[in-house]
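Engineer: So here's model-v9.tsv (TSV, C-alpha atoms and all ligand atoms).
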chain	number	residue	atom	x	y	z
A	1	MET	CA	-147.19	-18.70	-19.80
A	2	VAL	CA	-144.81	-21.68	-19.32
A	3	THR	CA	-145.71	-24.64	-21.53
A	4	ARG	CA	-144.47	-28.17	-21.01
A	5	CYS	CA	-142.99	-29.76	-24.13
A	6	ILE	CA	-142.67	-33.55	-24.43
A	7	ASP	CA	-139.39	-33.18	-26.39
A	8	ASP	CA	-137.75	-31.62	-23.31
A	9	ASP	CA	-137.77	-35.05	-21.58
A	10	ILE	CA	-135.65	-36.67	-24.30
A	11	LEU	CA	-131.88	-37.00	-23.95
A	12	THR	CA	-131.10	-38.20	-27.49
A	13	VAL	CA	-133.02	-39.08	-30.61
A	14	LEU	CA	-131.98	-42.48	-31.97
A	15	TRP	CA	-134.22	-42.69	-35.06
A	16	THR	CA	-135.96	-39.81	-36.77
A	17	PRO	CA	-139.40	-40.12	-38.38
A	18	GLU	CA	-137.72	-40.25	-41.82
A	19	GLN	CA	-135.40	-43.09	-40.79
A	20	LEU	CA	-138.32	-45.02	-39.31
A	21	ARG	CA	-140.37	-44.55	-42.47
A	22	HIS	CA	-137.57	-45.66	-44.78
A	23	ARG	CA	-136.84	-48.77	-42.80
A	24	LEU	CA	-140.45	-49.83	-42.40
A	25	CYS	CA	-140.97	-49.44	-46.16
A	26	ASP	CA	-138.08	-51.90	-46.68
A	27	LEU	CA	-139.64	-54.34	-44.20
A	28	ALA	CA	-143.04	-54.03	-45.89
A	29	SER	CA	-141.45	-54.82	-49.28
A	30	GLU	CA	-139.70	-57.88	-47.85
A	31	ILE	CA	-142.99	-59.11	-46.38
A	32	THR	CA	-144.81	-58.42	-49.64
A	33	ASN	CA	-142.24	-60.50	-51.55
A	34	ASP	CA	-142.14	-63.32	-49.02
A	35	PHE	CA	-145.92	-63.79	-48.83
A	36	SER	CA	-146.87	-63.13	-52.44
A	37	SER	CA	-146.87	-66.68	-53.79
A	38	PRO	CA	-150.29	-67.38	-55.37
A	39	ASP	CA	-150.85	-70.56	-53.33
A	40	SER	CA	-150.12	-68.85	-50.02
A	41	SER	CA	-153.13	-67.75	-47.95
A	42	SER	CA	-153.46	-64.11	-46.83
A	43	PRO	CA	-151.33	-63.49	-43.74
A	44	VAL	CA	-152.87	-62.44	-40.44
A	45	ILE	CA	-151.03	-59.48	-38.97
A	46	VAL	CA	-151.19	-59.65	-35.17
A	47	GLY	CA	-150.00	-56.51	-33.42
A	48	VAL	CA	-148.85	-56.65	-29.82
A	49	ALA	CA	-150.75	-53.86	-28.07
A	50	THR	CA	-150.13	-51.20	-27.17
A	51	GLY	CA	-146.54	-50.60	-28.22
A	52	ALA	CA	-146.85	-51.79	-31.84
A	53	PHE	CA	-149.83	-49.62	-32.77
A	54	LEU	CA	-148.03	-46.91	-34.78
A	55	PHE	CA	-145.51	-49.27	-36.37
A	56	LEU	CA	-148.30	-51.65	-37.37
A	57	ALA	CA	-150.42	-48.85	-38.82
A	58	ASP	CA	-147.54	-47.58	-40.97
A	59	LEU	CA	-146.30	-51.06	-41.89
A	60	VAL	CA	-149.60	-52.48	-43.17
A	61	ARG	CA	-150.18	-49.41	-45.37
A	62	ASN	CA	-147.04	-50.44	-47.25
A	63	ILE	CA	-147.68	-54.19	-47.56
A	64	LYS	CA	-149.18	-54.77	-50.99
A	65	LEU	CA	-151.08	-57.94	-50.18
A	66	PRO	CA	-154.56	-58.90	-49.02
A	67	LEU	CA	-154.28	-59.41	-45.26
A	68	THR	CA	-156.21	-59.23	-42.02
A	69	VAL	CA	-155.28	-57.37	-38.83
A	70	ASP	CA	-155.83	-58.23	-35.20
A	71	PHE	CA	-154.27	-57.38	-31.84
A	72	VAL	CA	-153.19	-59.30	-28.80
A	73	ARG	CA	-152.17	-57.86	-25.47
A	74	ALA	CA	-149.28	-59.24	-23.45
A	75	GLU	CA	-148.24	-57.58	-20.22
A	76	SER	CA	-144.76	-57.93	-18.83
A	77	TYR	CA	-143.48	-54.57	-17.75
A	78	GLY	CA	-145.73	-53.18	-15.05
A	79	SER	CA	-144.77	-49.57	-14.58
A	80	GLY	CA	-140.98	-49.78	-14.48
A	81	THR	CA	-138.24	-50.26	-17.03
A	82	VAL	CA	-137.26	-53.82	-16.08
A	83	SER	CA	-139.20	-56.75	-17.52
A	84	SER	CA	-141.15	-58.80	-14.98
A	85	GLY	CA	-140.43	-62.08	-16.81
A	86	ALA	CA	-143.26	-64.36	-17.96
A	87	PRO	CA	-145.81	-62.14	-19.69
A	88	LYS	CA	-149.55	-62.67	-19.34
A	89	ILE	CA	-151.83	-62.63	-22.35
A	90	SER	CA	-154.53	-60.28	-21.13
A	91	CYS	CA	-156.41	-59.83	-24.40
A	92	ASP	CA	-156.97	-62.65	-26.86
A	93	VAL	CA	-156.96	-62.50	-30.68
A	94	LYS	CA	-160.44	-62.23	-32.18
A	95	LEU	CA	-159.64	-63.79	-35.58
A	96	ASP	CA	-159.29	-67.53	-36.09
A	97	VAL	CA	-155.60	-68.11	-36.83
A	98	ALA	CA	-155.88	-71.88	-37.39
A	99	GLY	CA	-154.25	-72.83	-40.68
A	100	LYS	CA	-153.02	-69.24	-41.20
A	101	HIS	CA	-149.64	-67.60	-41.65
A	102	VAL	CA	-149.34	-65.17	-38.76
A	103	ILE	CA	-146.99	-62.19	-38.65
A	104	LEU	CA	-146.57	-60.96	-35.07
A	105	VAL	CA	-145.78	-57.26	-35.06
A	106	GLU	CA	-143.83	-56.01	-32.05
A	107	ASP	CA	-142.36	-52.67	-31.08
A	108	ILE	CA	-139.24	-54.24	-29.53
A	109	VAL	CA	-137.85	-57.66	-28.70
A	110	ASP	CA	-135.91	-57.34	-25.47
A	111	THR	CA	-135.51	-60.44	-23.24
A	112	GLY	CA	-137.54	-62.46	-25.78
A	113	ASN	CA	-140.11	-63.55	-23.16
A	114	THR	CA	-143.10	-61.94	-24.87
A	115	VAL	CA	-142.37	-63.28	-28.33
A	116	PHE	CA	-141.60	-66.74	-26.92
A	117	ARG	CA	-144.94	-66.77	-25.09
A	118	LEU	CA	-146.91	-65.48	-28.07
A	119	ILE	CA	-145.41	-67.96	-30.54
A	120	SER	CA	-146.51	-70.91	-28.38
A	121	TYR	CA	-149.91	-69.29	-27.87
A	122	LEU	CA	-150.40	-68.96	-31.66
A	123	GLU	CA	-149.06	-72.46	-32.23
A	124	ALA	CA	-151.63	-73.80	-29.75
A	125	LYS	CA	-154.32	-71.99	-31.76
A	126	GLY	CA	-153.23	-73.91	-34.87
A	127	ALA	CA	-151.30	-71.26	-36.85
A	128	THR	CA	-149.40	-72.78	-39.80
A	129	SER	CA	-146.46	-70.43	-39.39
A	130	VAL	CA	-145.53	-67.56	-37.11
A	131	SER	CA	-143.16	-64.83	-38.28
A	132	VAL	CA	-142.06	-61.93	-36.12
A	133	CYS	CA	-141.69	-58.40	-37.43
A	134	THR	CA	-140.21	-56.14	-34.80
A	135	LEU	CA	-139.24	-52.53	-35.27
A	136	LEU	CA	-136.42	-52.81	-32.74
A	137	ASP	CA	-134.28	-55.69	-31.57
A	138	LYS	CA	-132.22	-55.43	-28.37
A	139	PRO	CA	-130.09	-58.60	-28.57
A	140	ALA	CA	-127.84	-57.53	-25.67
A	141	ARG	CA	-130.68	-58.27	-23.24
A	142	ARG	CA	-131.92	-61.54	-24.69
A	143	THR	CA	-132.43	-64.27	-22.08
A	144	VAL	CA	-134.95	-66.43	-23.92
A	145	LYS	CA	-134.23	-68.17	-27.19
A	146	PHE	CA	-137.38	-68.48	-29.28
A	147	GLU	CA	-138.02	-70.46	-32.43
A	148	LEU	CA	-140.31	-69.27	-35.15
A	149	LEU	CA	-143.11	-71.62	-36.15
A	150	GLY	CA	-143.11	-73.45	-39.49
A	151	ASP	CA	-141.33	-71.44	-42.19
A	152	GLY	CA	-141.79	-68.21	-40.23
A	153	LYS	CA	-139.17	-65.47	-40.64
A	154	PHE	CA	-137.69	-62.84	-38.35
A	155	TYR	CA	-137.90	-59.27	-39.64
A	156	SER	CA	-136.15	-56.57	-37.65
A	157	GLY	CA	-136.00	-52.85	-38.31
A	158	PHE	CA	-133.06	-51.67	-36.21
A	159	GLU	CA	-130.71	-53.06	-33.61
A	160	CYS	CA	-131.36	-51.12	-30.41
A	161	PRO	CA	-128.59	-50.26	-27.95
A	162	ASP	CA	-129.00	-51.44	-24.37
A	163	ALA	CA	-130.97	-48.40	-23.23
A	164	PHE	CA	-134.63	-47.80	-22.40
A	165	VAL	CA	-136.18	-46.12	-25.42
A	166	VAL	CA	-139.50	-44.36	-25.92
A	167	GLY	CA	-141.56	-42.92	-28.75
A	168	TYR	CA	-143.32	-44.12	-31.88
A	169	GLY	CA	-145.55	-46.39	-29.77
A	170	LEU	CA	-143.07	-47.23	-27.03
A	171	ASP	CA	-143.97	-45.92	-23.59
A	172	PHE	CA	-142.64	-45.10	-20.19
A	173	ASN	CA	-145.54	-45.38	-17.71
A	174	GLU	CA	-147.93	-45.16	-20.71
A	175	MET	CA	-146.50	-41.79	-21.75
A	176	TYR	CA	-144.35	-40.77	-24.75
A	177	ARG	CA	-146.07	-43.15	-27.20
A	178	ASN	CA	-147.06	-40.18	-29.34
A	179	LEU	CA	-143.50	-39.01	-30.09
A	180	PRO	CA	-142.94	-39.31	-33.86
A	181	TYR	CA	-139.33	-40.41	-33.31
A	182	ILE	CA	-137.59	-42.91	-30.98
A	183	GLY	CA	-135.28	-41.61	-28.31
A	184	VAL	CA	-133.74	-42.15	-24.90
A	185	LEU	CA	-135.37	-40.51	-21.89
A	186	LYS	CA	-133.41	-38.23	-19.59
A	187	PRO	CA	-132.35	-40.24	-16.49
A	188	GLU	CA	-134.12	-37.81	-14.15
A	189	ILE	CA	-137.45	-38.88	-15.68
A	190	HIS	CA	-136.84	-42.55	-14.68
A	191	ASN	CA	-135.75	-41.47	-11.24
A	192	ARG	CA	-139.00	-39.62	-10.63
A	193	VAL	CA	-140.86	-42.95	-10.40
B	201	LIG	P1	-139.49	-58.77	-23.70
B	201	LIG	O1	-140.62	-59.68	-23.30
B	201	LIG	O2	-138.84	-59.16	-25.02
B	201	LIG	O3	-138.50	-58.60	-22.59
B	201	LIG	O4	-140.06	-57.33	-23.88
B	201	LIG	C1	-141.21	-57.12	-24.52
B	201	LIG	C2	-141.83	-55.79	-24.23
B	201	LIG	O5	-141.15	-55.01	-23.25
B	201	LIG	C3	-141.80	-54.96	-25.48
B	201	LIG	O6	-142.82	-55.33	-26.35
B	201	LIG	C4	-141.96	-53.57	-24.92
B	201	LIG	O7	-143.33	-53.31	-24.72
B	201	LIG	C5	-141.23	-53.64	-23.58
B	201	LIG	N1	-139.86	-53.08	-23.72
B	201	LIG	C6	-138.69	-53.74	-23.81
B	201	LIG	N2	-137.65	-52.89	-23.95
B	201	LIG	C7	-138.19	-51.65	-23.97
B	201	LIG	C8	-137.64	-50.32	-24.11
B	201	LIG	O8	-136.43	-50.08	-24.27
B	201	LIG	N3	-138.54	-49.30	-24.09
B	201	LIG	C9	-139.87	-49.50	-23.92
B	201	LIG	N4	-140.65	-48.41	-23.91
B	201	LIG	N5	-140.43	-50.72	-23.80
B	201	LIG	C10	-139.59	-51.78	-23.81
B	202	MG	MG	-144.43	-54.73	-27.23
B	203	MG	MG	-144.59	-50.66	-22.21
Let me see the file written as structure tokens.
Ligand code: 5GP
Ligand code: MG
Ligand code: MG
Structural biologist:
Amino acid sequence: MVTRCIDDDILTVLWTPEQLRHRLCDLASEITNDFSSPDSSSPVIVGVATGAFLFLADLVRNIKLPLTVDFVRAESYGSGTVSSGAPKISCDVKLDVAGKHVILVEDIVDTGNTVFRLISYLEAKGATSVSVCTLLDKPARRTVKFELLGDGKFYSGFECPDAFVVGYGLDFNEMYRNLPYIGVLKPEIHNRV
């Protein structure tokens, strides 16, 4: 019997599960320190679905603070590998973020469009501050400069090369999210679409 293995579609692994775990533990410690003052209210962690789901799940387990968790959905990619520009918010947050410190959790900041859009969306909802915690940052492709709200901070796990990456939540056509590592797809997989 011939079985199809998901790993066969990957050209190179950029970050192993161990590297991801180490780095996200560092980020969780930084967040714990930054939000631990006794007069600061519990932060609201807002994950950007679907890509941030694994990162968020592992991150929050390592933040030693009382907090709440919610998700928002912003669509910009369609089915290809090139961003379609202005993202739509297709699923609202459920929690009231007014007067709260929000930490937006993203899989990757690429052009900056999504984060830019979400910061103004959370500002309009009355958030006191908006921080961004992204696992990957791809500064080479940035076209939109965004400003964090209030005394919000920017937390970034790794600088990503200018390549389309998948795994650990990140997809290509909704596939490959379940890879435990992050890697680059073989070009023939892109070309199939
Ligand atoms: P931006 O709005 O910053 O251009 O991109 C935001 C979204 O595009 C990310 O949250 C992610 O879902 C998707 N994206 C950007 N670069 C990549 C990439 O290299 N791989 C994957 N799988 N998604 C990406
Ligand atoms: Mg995302
Ligand atoms: Mg995607």
Engineer: Expressed in Å to a single decimal, how great is the separation between atom CA of Lys186 of chain A and atom CA of Leu11 of chain A?
Structural biologist: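 For atom CA of Lys186 of chain A relative to atom CA of Leu11 of chain A, the distance reads 4.8 Å.
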Engineer: Pick from A:Arg117, A:Lys145, A:His190, A:Arg177: nearest to ligand MG 203 (chain B), with all atoms listed in the file counted?
Structural biologist: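 Of all the options, A:Arg177 lies closest to ligand MG 203 (chain B).
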Engineer: Give me the residues within 6 Å of Gly51 of chain A as a PyMOL selection string, counting only C-alpha atoms and dropping any in the same chain fewer than 5 places off.
Structural biologist: chain A and resi 107+169-170
Engineer: May I have the residues from that selection written out with C-alpha atoms, as a CSV table (one decimal), in the frame of the given file?
Structural biologist:
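Listed below is the output, again.csv:
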chain,number,residue,atom,x,y,z
A,107,ASP,CA,-142.4,-52.7,-31.1
A,169,GLY,CA,-145.6,-46.4,-29.8
A,170,LEU,CA,-143.1,-47.2,-27.0
Engineer: Between chain A and ligand MG 202 (chain B), at 12 Å or less, what are the per-residue closest atom pairs and their distances in Å? Count all atoms listed in the file, order by chain and rising residue number, and return it as CSV.
Structural biologist:
residue,atom,partner,partner_atom,distance
A:Val46,CA,B:MG202,MG,11.5
A:Gly47,CA,B:MG202,MG,8.5
A:Val48,CA,B:MG202,MG,5.5
A:Ala49,CA,B:MG202,MG,6.4
A:Thr50,CA,B:MG202,MG,6.7
A:Gly51,CA,B:MG202,MG,4.7
A:Ala52,CA,B:MG202,MG,6.0
A:Phe53,CA,B:MG202,MG,9.3
A:Leu54,CA,B:MG202,MG,11.5
A:Phe55,CA,B:MG202,MG,10.7
A:Leu56,CA,B:MG202,MG,11.3
A:Phe71,CA,B:MG202,MG,11.2
A:Val72,CA,B:MG202,MG,10.0
A:Arg73,CA,B:MG202,MG,8.5
A:Ala74,CA,B:MG202,MG,7.6
A:Glu75,CA,B:MG202,MG,8.5
A:Ser76,CA,B:MG202,MG,9.0
A:Tyr77,CA,B:MG202,MG,9.5
A:Ser83,CA,B:MG202,MG,11.2
A:Pro87,CA,B:MG202,MG,10.7
A:Ile89,CA,B:MG202,MG,11.9
A:Leu104,CA,B:MG202,MG,10.2
A:Val105,CA,B:MG202,MG,8.3
A:Glu106,CA,B:MG202,MG,5.0
A:Asp107,CA,B:MG202,MG,4.8
A:Ile108,CA,B:MG202,MG,5.7
A:Val109,CA,B:MG202,MG,7.4
A:Asp110,CA,B:MG202,MG,9.1
A:Thr111,CA,B:MG202,MG,11.3
A:Gly112,CA,B:MG202,MG,10.5
A:Asn113,CA,B:MG202,MG,10.6
A:Thr114,CA,B:MG202,MG,7.7
A:Val115,CA,B:MG202,MG,8.9
A:Leu118,CA,B:MG202,MG,11.1
A:Val132,CA,B:MG202,MG,11.7
A:Cys133,CA,B:MG202,MG,11.2
A:Thr134,CA,B:MG202,MG,8.8
A:Leu135,CA,B:MG202,MG,9.8
A:Leu136,CA,B:MG202,MG,9.9
A:Asp137,CA,B:MG202,MG,11.1
A:Val166,CA,B:MG202,MG,11.6
A:Tyr168,CA,B:MG202,MG,11.6
A:Gly169,CA,B:MG202,MG,8.8
A:Leu170,CA,B:MG202,MG,7.6
A:Asp171,CA,B:MG202,MG,9.5
A:Arg177,CA,B:MG202,MG,11.7
Engineer: Mind writing the picked residues with C-alpha atoms as a compact mmCIF listing (two decimals), keeping the file's coordinate frame?
Structural biologist:
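out19.txt, written as the output of this step:
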# COMPACT_ATOMS: atom_id res chain seq x y z
CA VAL A 46 -151.19 -59.65 -35.17
CA GLY A 47 -150.00 -56.51 -33.42
CA VAL A 48 -148.85 -56.65 -29.82
CA ALA A 49 -150.75 -53.86 -28.07
CA THR A 50 -150.13 -51.20 -27.17
CA GLY A 51 -146.54 -50.60 -28.22
CA ALA A 52 -146.85 -51.79 -31.84
CA PHE A 53 -149.83 -49.62 -32.77
CA LEU A 54 -148.03 -46.91 -34.78
CA PHE A 55 -145.51 -49.27 -36.37
CA LEU A 56 -148.30 -51.65 -37.37
CA PHE A 71 -154.27 -57.38 -31.84
CA VAL A 72 -153.19 -59.30 -28.80
CA ARG A 73 -152.17 -57.86 -25.47
CA ALA A 74 -149.28 -59.24 -23.45
CA GLU A 75 -148.24 -57.58 -20.22
CA SER A 76 -144.76 -57.93 -18.83
CA TYR A 77 -143.48 -54.57 -17.75
CA SER A 83 -139.20 -56.75 -17.52
CA PRO A 87 -145.81 -62.14 -19.69
CA ILE A 89 -151.83 -62.63 -22.35
CA LEU A 104 -146.57 -60.96 -35.07
CA VAL A 105 -145.78 -57.26 -35.06
CA GLU A 106 -143.83 -56.01 -32.05
CA ASP A 107 -142.36 -52.67 -31.08
CA ILE A 108 -139.24 -54.24 -29.53
CA VAL A 109 -137.85 -57.66 -28.70
CA ASP A 110 -135.91 -57.34 -25.47
CA THR A 111 -135.51 -60.44 -23.24
CA GLY A 112 -137.54 -62.46 -25.78
CA ASN A 113 -140.11 -63.55 -23.16
CA THR A 114 -143.10 -61.94 -24.87
CA VAL A 115 -142.37 -63.28 -28.33
CA LEU A 118 -146.91 -65.48 -28.07
CA VAL A 132 -142.06 -61.93 -36.12
CA CYS A 133 -141.69 -58.40 -37.43
CA THR A 134 -140.21 -56.14 -34.80
CA LEU A 135 -139.24 -52.53 -35.27
CA LEU A 136 -136.42 -52.81 -32.74
CA ASP A 137 -134.28 -55.69 -31.57
CA VAL A 166 -139.50 -44.36 -25.92
CA TYR A 168 -143.32 -44.12 -31.88
CA GLY A 169 -145.55 -46.39 -29.77
CA LEU A 170 -143.07 -47.23 -27.03
CA ASP A 171 -143.97 -45.92 -23.59
CA ARG A 177 -146.07 -43.15 -27.20
Engineer: At what distance in Å, to one decimal, does atom N5 of ligand LIG 201 (chain B) lie from atom CA of Arg4 of chain A?
Structural biologist: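 We find that atom CA of Arg4 of chain A and atom N5 of ligand LIG 201 (chain B) lie 23.1 Å from each other.
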Engineer: Record the distance separating atom CA of Ser131 of chain A and atom CA of Asn33 of chain A, expressed in Å with one decimal.
Structural biologist: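 Here the two named atoms are 14.0 Å from each other.
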Engineer: Go through A:Phe158, A:Asn191, A:Gly167, A:Phe146 and flag the residue nearest ligand MG 203 (chain B), using only C-alpha atoms and all ligand atoms for the distances.
Structural biologist: A:Gly167
